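Containing PDB, C-alpha atoms, pLDDT in the B column: run.pdb.
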```pdb
ATOM      1  CA  MET B1166     108.779  -5.038 -11.613  1.00 86.00           C
ATOM      2  CA  PRO B1167     112.472  -4.547 -12.550  1.00 90.00           C
ATOM      3  CA  SER B1168     113.131  -3.760 -16.212  1.00 93.00           C
ATOM      4  CA  PHE B1169     115.632  -2.279 -18.651  1.00 93.00           C
ATOM      5  CA  ASP B1170     115.720  -1.256 -22.314  1.00 93.00           C
ATOM      6  CA  ILE B1171     118.094  -2.450 -25.013  1.00 93.00           C
ATOM      7  CA  VAL B1172     118.857   0.273 -27.565  1.00 93.00           C
ATOM      8  CA  SER B1173     121.397   0.968 -30.301  1.00 90.00           C
ATOM      9  CA  LYS B1174     122.251   4.661 -30.451  1.00 91.00           C
ATOM     10  CA  THR B1175     125.237   6.497 -31.888  1.00 90.00           C
ATOM     11  CA  GLU B1176     126.489   9.700 -30.273  1.00 90.00           C
ATOM     12  CA  MET B1177     126.511  12.167 -33.204  1.00 92.00           C
ATOM     13  CA  ALA B1178     128.689  14.713 -31.360  1.00 93.00           C
ATOM     14  CA  GLU B1179     131.409  12.060 -31.040  1.00 93.00           C
ATOM     15  CA  VAL B1180     130.963  11.148 -34.728  1.00 92.00           C
ATOM     16  CA  ASP B1181     131.530  14.818 -35.637  1.00 94.00           C
ATOM     17  CA  ASN B1182     134.611  14.956 -33.392  1.00 94.00           C
ATOM     18  CA  ALA B1183     136.045  11.832 -35.049  1.00 94.00           C
ATOM     19  CA  LEU B1184     135.415  13.273 -38.522  1.00 94.00           C
ATOM     20  CA  ALA B1185     137.122  16.539 -37.537  1.00 94.00           C
ATOM     21  CA  GLY B1186     140.157  14.535 -36.407  1.00 94.00           C
ATOM     22  CA  ILE B1187     140.215  12.681 -39.737  1.00 93.00           C
ATOM     23  CA  VAL B1188     140.087  15.968 -41.665  1.00 93.00           C
ATOM     24  CA  ARG B1189     143.047  17.289 -39.621  1.00 93.00           C
ATOM     25  CA  GLU B1190     145.083  14.143 -40.219  1.00 93.00           C
ATOM     26  CA  VAL B1191     144.352  14.094 -43.966  1.00 92.00           C
ATOM     27  CA  ALA B1192     145.501  17.728 -44.181  1.00 92.00           C
ATOM     28  CA  THR B1193     148.831  16.959 -42.490  1.00 92.00           C
ATOM     29  CA  ARG B1194     149.736  13.499 -43.826  1.00 90.00           C
ATOM     30  CA  PHE B1195     152.371  13.351 -46.543  1.00 92.00           C
ATOM     31  CA  ASP B1196     150.668  10.584 -48.549  1.00 88.00           C
ATOM     32  CA  PHE B1197     147.497  12.710 -48.842  1.00 87.00           C
ATOM     33  CA  LYS B1198     149.377  15.845 -49.990  1.00 88.00           C
ATOM     34  CA  GLY B1199     147.805  17.280 -53.138  1.00 86.00           C
ATOM     35  CA  SER B1200     144.882  14.824 -53.113  1.00 87.00           C
ATOM     36  CA  LYS B1201     141.187  15.664 -53.210  1.00 86.00           C
ATOM     37  CA  CYS B1202     140.261  13.398 -50.285  1.00 89.00           C
ATOM     38  CA  THR B1203     137.377  14.733 -48.180  1.00 91.00           C
ATOM     39  CA  ILE B1204     134.965  13.366 -45.609  1.00 92.00           C
ATOM     40  CA  GLU B1205     131.698  14.903 -44.398  1.00 93.00           C
ATOM     41  CA  ARG B1206     128.472  13.958 -42.646  1.00 93.00           C
ATOM     42  CA  LYS B1207     124.884  14.863 -43.465  1.00 93.00           C
ATOM     43  CA  GLU B1208     122.228  13.424 -41.154  1.00 88.00           C
ATOM     44  CA  GLN B1209     122.915   9.651 -40.960  1.00 90.00           C
ATOM     45  CA  LEU B1210     125.252   9.499 -43.986  1.00 93.00           C
ATOM     46  CA  ILE B1211     129.036   9.911 -44.117  1.00 93.00           C
ATOM     47  CA  THR B1212     130.419  10.693 -47.579  1.00 94.00           C
ATOM     48  CA  ILE B1213     134.058   9.954 -48.396  1.00 93.00           C
ATOM     49  CA  ILE B1214     135.588  11.268 -51.609  1.00 92.00           C
ATOM     50  CA  ALA B1215     139.007   9.829 -52.509  1.00 91.00           C
ATOM     51  CA  ASP B1216     141.332   9.905 -55.534  1.00 90.00           C
ATOM     52  CA  ASP B1217     141.708   6.138 -55.949  1.00 89.00           C
ATOM     53  CA  ASP B1218     141.113   2.769 -54.272  1.00 89.00           C
ATOM     54  CA  LEU B1219     144.254   2.959 -52.152  1.00 91.00           C
ATOM     55  CA  LYS B1220     143.340   6.339 -50.668  1.00 91.00           C
ATOM     56  CA  LEU B1221     139.746   5.153 -50.135  1.00 91.00           C
ATOM     57  CA  LYS B1222     141.027   2.142 -48.144  1.00 93.00           C
ATOM     58  CA  GLN B1223     143.267   4.461 -46.103  1.00 93.00           C
ATOM     59  CA  MET B1224     140.264   6.710 -45.395  1.00 93.00           C
ATOM     60  CA  HIS B1225     138.269   3.643 -44.253  1.00 93.00           C
ATOM     61  CA  GLU B1226     141.088   2.712 -41.861  1.00 94.00           C
ATOM     62  CA  LEU B1227     141.178   6.294 -40.537  1.00 93.00           C
ATOM     63  CA  VAL B1228     137.409   6.173 -39.963  1.00 93.00           C
ATOM     64  CA  LYS B1229     137.689   2.943 -37.968  1.00 93.00           C
ATOM     65  CA  VAL B1230     140.671   4.189 -35.928  1.00 94.00           C
ATOM     66  CA  TYR B1231     139.176   7.579 -35.097  1.00 94.00           C
ATOM     67  CA  PHE B1232     135.742   6.129 -34.276  1.00 93.00           C
ATOM     68  CA  THR B1233     137.377   3.669 -31.888  1.00 93.00           C
ATOM     69  CA  ARG B1234     139.374   6.490 -30.263  1.00 93.00           C
ATOM     70  CA  ARG B1235     136.173   8.473 -29.674  1.00 93.00           C
ATOM     71  CA  ASN B1236     134.394   5.400 -28.189  1.00 92.00           C
ATOM     72  CA  VAL B1237     132.006   5.065 -31.129  1.00 91.00           C
ATOM     73  CA  ASP B1238     131.688   1.432 -32.163  1.00 89.00           C
ATOM     74  CA  PRO B1239     132.681   0.940 -35.845  1.00 88.00           C
ATOM     75  CA  LYS B1240     129.918  -1.715 -36.033  1.00 88.00           C
ATOM     76  CA  SER B1241     127.471   1.174 -36.194  1.00 90.00           C
ATOM     77  CA  LEU B1242     128.754   1.975 -39.703  1.00 90.00           C
ATOM     78  CA  ASP B1243     127.339   0.293 -42.796  1.00 90.00           C
ATOM     79  CA  PHE B1244     130.079  -0.122 -45.449  1.00 86.00           C
ATOM     80  CA  THR B1245     127.964  -2.408 -47.666  1.00 86.00           C
ATOM     81  CA  LYS B1246     127.169   0.158 -50.355  1.00 89.00           C
ATOM     82  CA  ALA B1247     129.756  -0.047 -53.145  1.00 89.00           C
ATOM     83  CA  PRO B1248     131.955   2.981 -53.967  1.00 90.00           C
ATOM     84  CA  GLU B1249     130.874   4.833 -57.090  1.00 91.00           C
ATOM     85  CA  LYS B1250     132.742   6.991 -59.579  1.00 91.00           C
ATOM     86  CA  ALA B1251     132.501  10.738 -59.016  1.00 85.00           C
ATOM     87  CA  SER B1252     133.645  13.719 -61.081  1.00 84.00           C
ATOM     88  CA  GLY B1253     137.337  14.193 -61.882  1.00 82.00           C
ATOM     89  CA  ASN B1254     138.340  10.482 -61.684  1.00 86.00           C
ATOM     90  CA  THR B1255     137.544  10.308 -57.966  1.00 90.00           C
ATOM     91  CA  LEU B1256     135.590   7.742 -55.964  1.00 92.00           C
ATOM     92  CA  ARG B1257     132.644   8.501 -53.692  1.00 93.00           C
ATOM     93  CA  HIS B1258     131.646   6.121 -50.936  1.00 93.00           C
ATOM     94  CA  GLU B1259     128.568   6.691 -48.796  1.00 94.00           C
ATOM     95  CA  ILE B1260     128.600   5.053 -45.377  1.00 93.00           C
ATOM     96  CA  ALA B1261     125.337   4.847 -43.448  1.00 92.00           C
ATOM     97  CA  ILE B1262     125.246   5.234 -39.669  1.00 92.00           C
ATOM     98  CA  LYS B1263     123.006   2.513 -38.228  1.00 90.00           C
ATOM     99  CA  GLU B1264     120.808   3.450 -35.289  1.00 89.00           C
ATOM    100  CA  GLY B1265     117.980   1.632 -33.593  1.00 88.00           C
ATOM    101  CA  ILE B1266     117.259  -2.073 -33.456  1.00 89.00           C
ATOM    102  CA  ASP B1267     115.602  -3.325 -36.632  1.00 87.00           C
ATOM    103  CA  LYS B1268     112.949  -6.042 -36.590  1.00 89.00           C
ATOM    104  CA  ASP B1269     115.276  -8.909 -37.576  1.00 90.00           C
ATOM    105  CA  LEU B1270     117.811  -8.134 -34.848  1.00 89.00           C
ATOM    106  CA  ALA B1271     115.007  -7.629 -32.303  1.00 90.00           C
ATOM    107  CA  LYS B1272     113.531 -11.043 -33.155  1.00 91.00           C
ATOM    108  CA  ASN B1273     116.964 -12.663 -32.876  1.00 90.00           C
ATOM    109  CA  LEU B1274     117.562 -11.041 -29.472  1.00 90.00           C
ATOM    110  CA  VAL B1275     114.139 -12.125 -28.174  1.00 91.00           C
ATOM    111  CA  LYS B1276     114.797 -15.687 -29.402  1.00 92.00           C
ATOM    112  CA  LEU B1277     118.239 -15.679 -27.760  1.00 91.00           C
ATOM    113  CA  ILE B1278     116.728 -14.495 -24.457  1.00 91.00           C
ATOM    114  CA  LYS B1279     113.925 -17.097 -24.574  1.00 91.00           C
ATOM    115  CA  ASP B1280     116.326 -19.924 -25.467  1.00 91.00           C
ATOM    116  CA  SER B1281     118.499 -19.072 -22.446  1.00 88.00           C
ATOM    117  CA  LYS B1282     115.638 -20.189 -20.129  1.00 89.00           C
ATOM    118  CA  ILE B1283     116.076 -17.108 -17.913  1.00 89.00           C
ATOM    119  CA  LYS B1284     112.701 -16.169 -16.443  1.00 91.00           C
ATOM    120  CA  VAL B1285     112.241 -12.759 -18.093  1.00 91.00           C
ATOM    121  CA  GLN B1286     109.978 -11.307 -20.747  1.00 91.00           C
ATOM    122  CA  ALA B1287     111.283  -9.397 -23.766  1.00 91.00           C
ATOM    123  CA  ALA B1288     109.005  -7.098 -25.750  1.00 90.00           C
ATOM    124  CA  ILE B1289     109.772  -5.204 -28.959  1.00 91.00           C
ATOM    125  CA  GLN B1290     108.835  -1.521 -28.662  1.00 89.00           C
ATOM    126  CA  GLY B1291     109.585   0.280 -31.922  1.00 86.00           C
ATOM    127  CA  ASP B1292     113.351   0.394 -32.383  1.00 88.00           C
ATOM    128  CA  GLU B1293     114.175  -0.788 -28.870  1.00 90.00           C
ATOM    129  CA  LEU B1294     113.603  -3.824 -26.696  1.00 92.00           C
ATOM    130  CA  ARG B1295     112.185  -3.862 -23.142  1.00 92.00           C
ATOM    131  CA  VAL B1296     113.183  -6.725 -20.857  1.00 92.00           C
ATOM    132  CA  THR B1297     111.264  -7.255 -17.598  1.00 93.00           C
ATOM    133  CA  GLY B1298     111.669  -9.841 -14.879  1.00 91.00           C
ATOM    134  CA  LYS B1299     110.919 -10.511 -11.228  1.00 91.00           C
ATOM    135  CA  LYS B1300     114.516 -10.330 -10.000  1.00 89.00           C
ATOM    136  CA  ARG B1301     117.325  -7.914 -10.671  1.00 89.00           C
ATOM    137  CA  ASP B1302     119.820 -10.817 -10.910  1.00 90.00           C
ATOM    138  CA  GLU B1303     117.910 -12.335 -13.844  1.00 90.00           C
ATOM    139  CA  LEU B1304     118.093  -9.022 -15.713  1.00 91.00           C
ATOM    140  CA  GLN B1305     121.838  -8.847 -15.085  1.00 91.00           C
ATOM    141  CA  GLU B1306     122.183 -12.388 -16.464  1.00 90.00           C
ATOM    142  CA  VAL B1307     120.412 -11.257 -19.652  1.00 91.00           C
ATOM    143  CA  ILE B1308     122.781  -8.274 -19.978  1.00 92.00           C
ATOM    144  CA  ALA B1309     125.792 -10.574 -19.528  1.00 92.00           C
ATOM    145  CA  LEU B1310     124.377 -12.996 -22.106  1.00 91.00           C
ATOM    146  CA  LEU B1311     123.836 -10.253 -24.691  1.00 91.00           C
ATOM    147  CA  ARG B1312     127.279  -8.709 -24.101  1.00 90.00           C
ATOM    148  CA  LYS B1313     128.905 -12.082 -24.873  1.00 89.00           C
ATOM    149  CA  GLY B1314     127.090 -12.484 -28.175  1.00 84.00           C
ATOM    150  CA  GLU B1315     128.224 -11.065 -31.504  1.00 85.00           C
ATOM    151  CA  HIS B1316     125.704  -8.667 -33.046  1.00 85.00           C
ATOM    152  CA  ASP B1317     125.870  -6.580 -36.208  1.00 84.00           C
ATOM    153  CA  ARG B1318     125.487  -3.332 -34.232  1.00 85.00           C
ATOM    154  CA  PRO B1319     126.447  -2.047 -30.790  1.00 89.00           C
ATOM    155  CA  LEU B1320     123.907  -2.486 -27.991  1.00 90.00           C
ATOM    156  CA  GLN B1321     123.415  -0.240 -24.966  1.00 90.00           C
ATOM    157  CA  PHE B1322     121.410  -1.112 -21.875  1.00 91.00           C
ATOM    158  CA  VAL B1323     119.488   1.874 -20.463  1.00 91.00           C
ATOM    159  CA  ASN B1324     116.645   2.684 -18.051  1.00 90.00           C
ATOM    160  CA  PHE B1325     117.528  -0.045 -15.561  1.00 86.00           C
ATOM    161  CA  ARG B1326     114.705   0.176 -13.026  1.00 86.00           C
ATOM    162  CA  ASP B1327     114.298  -1.749  -9.833  1.00 81.00           C
TER     163      ASP B1327
END
```

Same coordinates, now as structure tokens:
Amino acid sequence: MPSFDIVSKTEMAEVDNALAGIVREVATRFDFKGSKCTIERKEQLITIIADDDLKLKQMHELVKVYFTRRNVDPKSLDFTKAPEKASGNTLRHEIAIKEGIDKDLAKNLVKLIKDSKIKVQAAIQGDELRVTGKKRDELQEVIALLRKGEHDRPLQFVNFRD
């Protein structure tokens, strides 16, 4: 029976490459000269330290630009946590890297697939979704349907088996 998996993974090597590019640009840009702006990653958390709100917004723009350049979807970043004051009149903002498909998104995807009336089955398996069907064409229709939709995180389609 043909099947494929829907996952949401972020390539950490590309994240590190993007952050290295940001560090290089901050070191060379005139408007960051003499500032204490830094960016680093530990596990699934990116920490930005900036002097003020303006520099923090510029760092956010750099993150989005460099992630896009390295083919990492900026939707995989969670900017919802508010910036907090750090030592020396600086701001610290922690950005979480979202990976995996949580239960709410999985339920929404299953509902979307069932409402489309395509003859496939979707099953939640941990932090991924398995879609099976009788025909390869039906599975490709599901992929096309999900690519059109707007989701709060990037989706990849892997393990396509015939």

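The neighbours of Val1228 (chain B) here are the residues that come within 10 Å of it, using only C-alpha atoms and leaving out any residue fewer than 4 positions away in the same chain; they are Val1180, Ala1183, Leu1184, Gly1186, Ile1187, Ile1204, Ile1213, Lys1222, Gln1223, Met1224, Phe1232, Thr1233, Arg1234, Pro1239 and Leu1242 of chain B.
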
Within 12 Å of region 1175-1178 of chain B: each region 1197-1309 of chain B residue with its shortest pair, all atoms listed in the file, as a Markdown table:
```
| residue | atom | partner | partner_atom | distance |
| --- | --- | --- | --- | --- |
| B:Arg1206 | CA | B:Met1177 | CA | 9.8 |
| B:Lys1207 | CA | B:Met1177 | CA | 10.7 |
| B:Glu1208 | CA | B:Met1177 | CA | 9.1 |
| B:Gln1209 | CA | B:Met1177 | CA | 8.9 |
| B:Leu1210 | CA | B:Met1177 | CA | 11.2 |
| B:Ile1211 | CA | B:Met1177 | CA | 11.4 |
| B:Phe1232 | CA | B:Glu1176 | CA | 10.7 |
| B:Arg1235 | CA | B:Glu1176 | CA | 9.8 |
| B:Asn1236 | CA | B:Glu1176 | CA | 9.2 |
| B:Val1237 | CA | B:Thr1175 | CA | 7.0 |
| B:Asp1238 | CA | B:Thr1175 | CA | 8.2 |
| B:Pro1239 | CA | B:Thr1175 | CA | 10.1 |
| B:Lys1240 | CA | B:Thr1175 | CA | 10.3 |
| B:Ser1241 | CA | B:Thr1175 | CA | 7.2 |
| B:Leu1242 | CA | B:Thr1175 | CA | 9.7 |
| B:Ala1261 | CA | B:Thr1175 | CA | 11.7 |
| B:Ile1262 | CA | B:Thr1175 | CA | 7.9 |
| B:Lys1263 | CA | B:Thr1175 | CA | 7.8 |
| B:Glu1264 | CA | B:Thr1175 | CA | 6.4 |
| B:Gly1265 | CA | B:Thr1175 | CA | 8.9 |
| B:Ile1266 | CA | B:Thr1175 | CA | 11.8 |
```

*Name every residue that the PyMOL selection byres ((chain B and resi 1323) around 6) selects in this structure, writing the answer as an NGL selection string with chains first and numbers rising.*
:B and (1169-1170 or 1322 or 1324-1325)

*Care to translate the PyMOL selection byres ((chain B and resi 1315) around 12) into actual residues of this file, as an MDAnalysis selection string?*
chainID B and resid 1240 1270 1273:1274 1277 1310:1314 1316:1320

*Residue among B:Asp1292, B:Asp1327, B:Glu1259, B:Glu1190 lying closest to Ile1214 (chain B), counting only C-alpha atoms*: B:Glu1259
